[in-house]
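Below: the structure, in structure tokens.
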Amino acid sequence: MADSVAAVPEPVVLAKRLAAAVADRAPIPPLTESDPTFDAAAAYRVQQEGIRERLAAGERVIGYKLGLVSRAKQGAMGVSQPLWGVVTDGMVQSEEIPLDLTTLIHPRAEPEIAFLLGRAVDGPTATVATVLAATEGVLPAIEVLDSRYLDFRFALPDVIADNASAARILIGEGMVLRLNGEVVDTAAGAAIAGHPAAAVAWLARQVGHLPAGSMVLSGGLTAPVELVPGAVVTAEYTSLGVVTLRCSR
Ligand code: OOG
Ligand code: MG
């Protein structure tokens, strides 16, 4: 290593830096600022390392989240490509218990649709049709984002490394929409612009395989709202039902 110019930190070092931002509630500058060569591939290794740490601490992977799928969100965040992150059981927030804002940096909430896969989706051949055929149900969800970067300012590799800003998820009670490709299609089409199952198919092709039982968040449907003490956020879907997030005071 004597001849290396500037040592690039290992994924584990960058993952620890992001974890410390959570623990200290102290956002950090984007990683690409100090290392312009930091790219998406390196960033997914950092994300993976962060998840490995969470699993070592006893958490379990329950699915994935898509991010920056809609043009509205891409425009708002200044990033023009989608990404994915990993969802663990430690991120699940109950509708019954207020979200403790003191554990978060600068949280925002956004409405999402959660796909519950009853069967596995094989990556290479994934299409809207195979995703819908594997879908057991579609649930109303709210995602709480909390970028570990100052002012939610990041480039694509930064937000990939930060597990797509994932902080908490709330899944609405009760499965309102049951297996039936056509019905899922119509109901989802009415609720959002574009086809959320297409984003799930894209995810399957990227990660190679979505196991049965996975929960996949399809990506924010609107711009997120900032969470302030006492805020109550309700996402109400015409065909899927309602999910409510209550914040601590
Ligand atoms: C990045 C995460 C984006 C979505 O649904 O688009 C995301 C961010 O906005 O901080 O979760
Ligand atoms: Mg989201």
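If you're wondering about the labels, chains in the structure tokens are A, B, ... by order shown, residues count from 1 in each chain, ligands from 1 in order shown.
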
Skipping near chain neighbours, those fewer than 3 positions away, what residues fall within 9 Å of Ala129 of chain A using only C-alpha atoms, listed as a ChimeraX atom specification?
-> /A:126,132-134,181,197-198,201

Could you produce a table of the residues of chain A lying within 9 Å of ligand 2, with the nearest pair of atoms per residue and their separation in Å rounded to one decimal, using only C-alpha atoms and all ligand atoms, ordered by chain and increasing residue number, as a Markdown table?
| residue | atom | partner | partner_atom_place_in_ligand_line | distance |
| --- | --- | --- | --- | --- |
| A:Lys65 | CA | ligand 2 | 1 (Mg) | 6.8 |
| A:Leu66 | CA | ligand 2 | 1 (Mg) | 6.5 |
| A:Gly67 | CA | ligand 2 | 1 (Mg) | 5.2 |
| A:Leu68 | CA | ligand 2 | 1 (Mg) | 7.4 |
| A:Val69 | CA | ligand 2 | 1 (Mg) | 8.9 |
| A:Ala109 | CA | ligand 2 | 1 (Mg) | 8.2 |
| A:Glu110 | CA | ligand 2 | 1 (Mg) | 6.4 |
| A:Pro111 | CA | ligand 2 | 1 (Mg) | 7.7 |
| A:Glu112 | CA | ligand 2 | 1 (Mg) | 6.7 |
| A:Ile142 | CA | ligand 2 | 1 (Mg) | 8.2 |
| A:Glu143 | CA | ligand 2 | 1 (Mg) | 5.6 |
| A:Val144 | CA | ligand 2 | 1 (Mg) | 7.5 |
| A:Leu145 | CA | ligand 2 | 1 (Mg) | 6.9 |
| A:Ala164 | CA | ligand 2 | 1 (Mg) | 7.8 |
| A:Ser165 | CA | ligand 2 | 1 (Mg) | 8.0 |
| A:Ala166 | CA | ligand 2 | 1 (Mg) | 7.3 |
| A:Leu217 | CA | ligand 2 | 1 (Mg) | 7.1 |
| A:Ser218 | CA | ligand 2 | 1 (Mg) | 7.5 |
| A:Gly219 | CA | ligand 2 | 1 (Mg) | 4.5 |
| A:Gly220 | CA | ligand 2 | 1 (Mg) | 4.4 |
| A:Leu221 | CA | ligand 2 | 1 (Mg) | 8.1 |
| A:Pro224 | CA | ligand 2 | 1 (Mg) | 8.4 |

Name the closest residue to Met91 of chain A among the candidates A:Arg205, A:Arg60, A:Arg119, A:Arg249; distances are taken between atoms, counting only C-alpha atoms.
->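 Going through A:Arg205, A:Arg60, A:Arg119, A:Arg249 one by one, the smallest distance to Met91 of chain A is for A:Arg60.
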
Gap from atom CA of Gly85 of chain A to atom CA of Gly208 of chain A - Å, one decimal |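 Rounded to one decimal, the two atoms are 14.2 Å apart.
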
Backbone DSSP call of helix (DSSP H, G or I) for segment 15-239 of chain A, listed as a ChimeraX atom specification | /A:15-24,31-34,40-56,71-77,89-91,101-103,128-134,150-152,156-161,163-165,181-191,196-207

Which residues come within 7 Å of segment 24-39 of chain A, counting only C-alpha atoms, excluding same-chain residues fewer than 5 positions away, as number ranges by chain?
-> A: 104-105, 148-150, 154, 157-158

Just to be explicit: take each residue in the selection above, keep N, CA, C and O atoms, and write the result as a PDB file, in the first residue's frame.
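And here's selection08.pdb as it stands now:
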ATOM      1  N   LEU A 104     -34.216  10.087  15.385  1.00  0.00           N
ATOM      2  CA  LEU A 104     -33.967  10.349  13.966  1.00  0.00           C
ATOM      3  C   LEU A 104     -33.351  11.730  13.747  1.00  0.00           C
ATOM      4  O   LEU A 104     -33.398  12.598  14.623  1.00  0.00           O
ATOM      5  N   ILE A 105     -32.759  11.936  12.584  1.00  0.00           N
ATOM      6  CA  ILE A 105     -32.033  13.171  12.292  1.00  0.00           C
ATOM      7  C   ILE A 105     -32.966  14.257  11.738  1.00  0.00           C
ATOM      8  O   ILE A 105     -33.152  15.299  12.343  1.00  0.00           O
ATOM      9  N   ARG A 148     -28.700  10.053   6.058  1.00  0.00           N
ATOM     10  CA  ARG A 148     -27.582  10.260   6.975  1.00  0.00           C
ATOM     11  C   ARG A 148     -26.667  11.376   6.474  1.00  0.00           C
ATOM     12  O   ARG A 148     -25.611  11.648   7.052  1.00  0.00           O
ATOM     13  N   TYR A 149     -27.068  12.036   5.393  1.00  0.00           N
ATOM     14  CA  TYR A 149     -26.274  13.134   4.841  1.00  0.00           C
ATOM     15  C   TYR A 149     -26.894  14.485   5.182  1.00  0.00           C
ATOM     16  O   TYR A 149     -28.122  14.613   5.261  1.00  0.00           O
ATOM     17  N   LEU A 150     -26.035  15.464   5.331  1.00  0.00           N
ATOM     18  CA  LEU A 150     -26.443  16.826   5.632  1.00  0.00           C
ATOM     19  C   LEU A 150     -27.478  17.314   4.621  1.00  0.00           C
ATOM     20  O   LEU A 150     -27.279  17.172   3.407  1.00  0.00           O
ATOM     21  N   PHE A 154     -27.273  14.528  -1.712  1.00  0.00           N
ATOM     22  CA  PHE A 154     -26.468  13.370  -2.090  1.00  0.00           C
ATOM     23  C   PHE A 154     -26.496  13.143  -3.591  1.00  0.00           C
ATOM     24  O   PHE A 154     -27.384  13.606  -4.289  1.00  0.00           O
ATOM     25  N   PRO A 157     -24.467   7.434  -5.785  1.00  0.00           N
ATOM     26  CA  PRO A 157     -23.684   6.492  -4.980  1.00  0.00           C
ATOM     27  C   PRO A 157     -23.824   6.738  -3.469  1.00  0.00           C
ATOM     28  O   PRO A 157     -23.848   5.788  -2.678  1.00  0.00           O
ATOM     29  N   ASP A 158     -23.949   8.008  -3.077  1.00  0.00           N
ATOM     30  CA  ASP A 158     -24.102   8.320  -1.647  1.00  0.00           C
ATOM     31  C   ASP A 158     -25.367   7.682  -1.084  1.00  0.00           C
ATOM     32  O   ASP A 158     -25.335   7.055  -0.027  1.00  0.00           O
TER      33      ASP A 158
END

Atomic distance atom CA of Glu10 of chain A - atom CA of Ile160 of chain A, expressed in Å with one decimal = 15.6 Å

Test item: residues at most 12 Å from Gln206 of chain A, only C-alpha atoms, excluding those fewer than 2 positions along its chain, as a list in words =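 Skipping anything fewer than 2 positions along the chain leaves Ala41, Tyr44, Tyr64, Leu66, Pro82, Leu83, Trp84, Gly85, Val121, Asp122, Gly123, Pro124, Thr125, Ala126, Ala199, Val200, Ala201, Trp202, Leu203, Ala204, Gly208, His209 and Leu210 of chain A.
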
Got time to write the residues from that selection, N, CA and C atoms, as a short mmCIF file (atom, residue, chain, number, x, y, z; two decimals), in the first residue's frame?
data_model
loop_
_atom_site.label_atom_id
_atom_site.label_comp_id
_atom_site.auth_asym_id
_atom_site.auth_seq_id
_atom_site.Cartn_x
_atom_site.Cartn_y
_atom_site.Cartn_z
N ALA A 41 -21.31 0.75 -7.80
CA ALA A 41 -20.89 -0.61 -7.42
C ALA A 41 -20.23 -0.61 -6.04
N TYR A 44 -22.97 -0.06 -3.36
CA TYR A 44 -23.78 -1.22 -2.96
C TYR A 44 -22.99 -2.12 -2.00
N TYR A 64 -37.18 -5.62 0.38
CA TYR A 64 -36.42 -4.56 -0.29
C TYR A 64 -37.27 -3.31 -0.40
N LEU A 66 -37.61 0.09 -3.14
CA LEU A 66 -37.18 0.79 -4.34
C LEU A 66 -37.16 2.27 -4.02
N PRO A 82 -33.07 5.08 -10.61
CA PRO A 82 -33.61 4.41 -9.42
C PRO A 82 -32.52 3.64 -8.67
N LEU A 83 -32.85 3.24 -7.47
CA LEU A 83 -31.92 2.44 -6.66
C LEU A 83 -32.75 1.53 -5.78
N TRP A 84 -32.07 0.63 -5.08
CA TRP A 84 -32.79 -0.18 -4.11
C TRP A 84 -32.04 -0.22 -2.80
N GLY A 85 -32.79 -0.59 -1.76
CA GLY A 85 -32.20 -0.78 -0.45
C GLY A 85 -32.80 -2.03 0.16
N VAL A 121 -39.68 -14.54 -7.15
CA VAL A 121 -39.59 -13.99 -8.50
C VAL A 121 -38.15 -14.18 -8.97
N ASP A 122 -38.03 -14.86 -10.11
CA ASP A 122 -36.70 -15.13 -10.66
C ASP A 122 -36.24 -13.90 -11.43
N GLY A 123 -35.03 -13.44 -11.14
CA GLY A 123 -34.55 -12.19 -11.70
C GLY A 123 -34.51 -12.07 -13.20
N PRO A 124 -33.76 -12.93 -13.88
CA PRO A 124 -33.53 -12.74 -15.31
C PRO A 124 -34.80 -12.66 -16.14
N THR A 125 -35.84 -13.38 -15.73
CA THR A 125 -37.06 -13.43 -16.54
C THR A 125 -38.18 -12.55 -15.97
N ALA A 126 -37.87 -11.73 -14.98
CA ALA A 126 -38.90 -10.96 -14.30
C ALA A 126 -39.57 -9.93 -15.22
N ALA A 199 -41.43 -1.65 -11.49
CA ALA A 199 -40.29 -1.32 -10.64
C ALA A 199 -39.84 -2.57 -9.87
N VAL A 200 -40.79 -3.38 -9.44
CA VAL A 200 -40.45 -4.61 -8.72
C VAL A 200 -39.74 -5.58 -9.67
N ALA A 201 -40.19 -5.64 -10.92
CA ALA A 201 -39.54 -6.51 -11.92
C ALA A 201 -38.10 -6.03 -12.16
N TRP A 202 -37.92 -4.72 -12.23
CA TRP A 202 -36.58 -4.15 -12.40
C TRP A 202 -35.69 -4.56 -11.22
N LEU A 203 -36.24 -4.45 -10.02
CA LEU A 203 -35.49 -4.84 -8.81
C LEU A 203 -35.07 -6.32 -8.90
N ALA A 204 -36.01 -7.17 -9.30
CA ALA A 204 -35.72 -8.61 -9.40
C ALA A 204 -34.58 -8.87 -10.37
N GLY A 208 -31.35 -10.37 -8.89
CA GLY A 208 -31.26 -11.75 -9.34
C GLY A 208 -32.37 -12.66 -8.88
N HIS A 209 -32.95 -12.38 -7.70
CA HIS A 209 -33.94 -13.30 -7.14
C HIS A 209 -34.63 -12.62 -5.97
N LEU A 210 -35.96 -12.66 -5.97
CA LEU A 210 -36.70 -12.16 -4.81
C LEU A 210 -37.38 -13.36 -4.16
#

Top pick for closest residue to Ser94 of chain A, considering A:Leu170, A:Leu117, A:Val242, A:Leu55 and counting only C-alpha atoms = A:Leu170

Could you check how far atom 5 (O, counted along the ligand's line) of ligand 1 sits from atom CA of Gly230 of chain A, in Å to one decimal?
->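 These two atoms are separated by 22.9 Å.
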
Determine the nearest neighbour of ligand 1 from the options A:Gly90, A:Pro11, A:Pro107, A:Gly50, counting only C-alpha atoms and all ligand atoms.
->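 Closest to ligand 1, using only C-alpha atoms and all ligand atoms: A:Pro107.
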
Using DSSP on the backbone, list every residue of segment 20-212 of chain A that comes out as strand (DSSP E), and give them as a PDB file with C-alpha atoms, in the first residue's frame.
ATOM      1  CA  VAL A  61     -34.057  -9.128   6.233  1.00  0.00           C
ATOM      2  CA  ILE A  62     -37.749  -8.932   5.336  1.00  0.00           C
ATOM      3  CA  GLY A  63     -37.529  -7.443   1.855  1.00  0.00           C
ATOM      4  CA  TYR A  64     -36.422  -4.559  -0.291  1.00  0.00           C
ATOM      5  CA  LYS A  65     -37.299  -0.974  -1.019  1.00  0.00           C
ATOM      6  CA  LEU A  66     -37.176   0.788  -4.343  1.00  0.00           C
ATOM      7  CA  GLY A  67     -36.257   4.440  -4.472  1.00  0.00           C
ATOM      8  CA  LEU A  83     -31.924   2.441  -6.661  1.00  0.00           C
ATOM      9  CA  TRP A  84     -32.795  -0.183  -4.109  1.00  0.00           C
ATOM     10  CA  GLY A  85     -32.200  -0.775  -0.448  1.00  0.00           C
ATOM     11  CA  VAL A  86     -32.727  -3.626   1.989  1.00  0.00           C
ATOM     12  CA  VAL A  87     -35.521  -3.656   4.585  1.00  0.00           C
ATOM     13  CA  THR A  88     -35.055  -5.370   7.954  1.00  0.00           C
ATOM     14  CA  ARG A 108     -39.551  12.660   6.179  1.00  0.00           C
ATOM     15  CA  ALA A 109     -42.510  10.438   5.331  1.00  0.00           C
ATOM     16  CA  GLU A 110     -43.792   9.314   1.952  1.00  0.00           C
ATOM     17  CA  PRO A 111     -46.674   7.132   0.802  1.00  0.00           C
ATOM     18  CA  GLU A 112     -45.740   3.818  -0.794  1.00  0.00           C
ATOM     19  CA  ILE A 113     -47.302   0.607  -2.007  1.00  0.00           C
ATOM     20  CA  ALA A 114     -45.922  -2.597  -0.489  1.00  0.00           C
ATOM     21  CA  PHE A 115     -45.922  -5.773  -2.559  1.00  0.00           C
ATOM     22  CA  LEU A 116     -46.048  -8.989  -0.586  1.00  0.00           C
ATOM     23  CA  LEU A 117     -44.624 -11.813  -2.683  1.00  0.00           C
ATOM     24  CA  VAL A 121     -39.586 -13.989  -8.503  1.00  0.00           C
ATOM     25  CA  ASP A 122     -36.701 -15.125 -10.655  1.00  0.00           C
ATOM     26  CA  THR A 135     -47.912 -11.204  -5.669  1.00  0.00           C
ATOM     27  CA  GLU A 136     -50.012 -12.381  -2.763  1.00  0.00           C
ATOM     28  CA  GLY A 137     -51.188  -8.956  -1.753  1.00  0.00           C
ATOM     29  CA  VAL A 138     -50.641  -5.247  -2.039  1.00  0.00           C
ATOM     30  CA  LEU A 139     -50.661  -3.128   1.099  1.00  0.00           C
ATOM     31  CA  PRO A 140     -50.767   0.585   1.837  1.00  0.00           C
ATOM     32  CA  ALA A 141     -47.492   1.727   3.358  1.00  0.00           C
ATOM     33  CA  ILE A 142     -45.691   4.804   4.651  1.00  0.00           C
ATOM     34  CA  GLU A 143     -41.930   4.981   4.488  1.00  0.00           C
ATOM     35  CA  VAL A 144     -39.972   7.181   6.879  1.00  0.00           C
ATOM     36  CA  LEU A 145     -36.752   8.401   5.272  1.00  0.00           C
ATOM     37  CA  ALA A 166     -34.327   3.933   4.759  1.00  0.00           C
ATOM     38  CA  ALA A 167     -35.268   4.494   8.390  1.00  0.00           C
ATOM     39  CA  ARG A 168     -38.731   3.062   9.213  1.00  0.00           C
ATOM     40  CA  ILE A 169     -41.678   1.520   7.414  1.00  0.00           C
ATOM     41  CA  LEU A 170     -45.320   1.253   8.378  1.00  0.00           C
ATOM     42  CA  ILE A 171     -47.538  -1.274   6.689  1.00  0.00           C
ATOM     43  CA  LEU A 177     -56.336  -6.701  -2.217  1.00  0.00           C
ATOM     44  CA  ARG A 178     -55.817 -10.425  -2.735  1.00  0.00           C
ATOM     45  CA  HIS A 209     -33.937 -13.301  -7.143  1.00  0.00           C
ATOM     46  CA  LEU A 210     -36.698 -12.158  -4.808  1.00  0.00           C
TER      47      LEU A 210
END

Top pick for closest residue to ligand 1, considering A:Val207, A:Leu99, A:Ala72, A:Val243 and counting only C-alpha atoms and all ligand atoms =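 Of all the options, A:Ala72 lies closest to ligand 1.
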
Check the smallest atom-to-atom distance from each of A:Ile97, A:Val228, A:Ala235, A:Ala76 to ligand 1 using only C-alpha atoms and all ligand atoms, then report the winner.
->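 Looking at the shortest contact to ligand 1, the residue is A:Ala76.
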
Ligand 1 proximity check over A:Glu236, A:Ala231, A:Asp146, A:Glu96, using only C-alpha atoms and all ligand atoms: winner is A:Asp146

Non-local contacts of Val233 of chain A (7 Å; only C-alpha atoms; under 5 positions in same chain excluded) as a list in words |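 So the residues in contact are Thr244, Leu245 and Arg246 of chain A.
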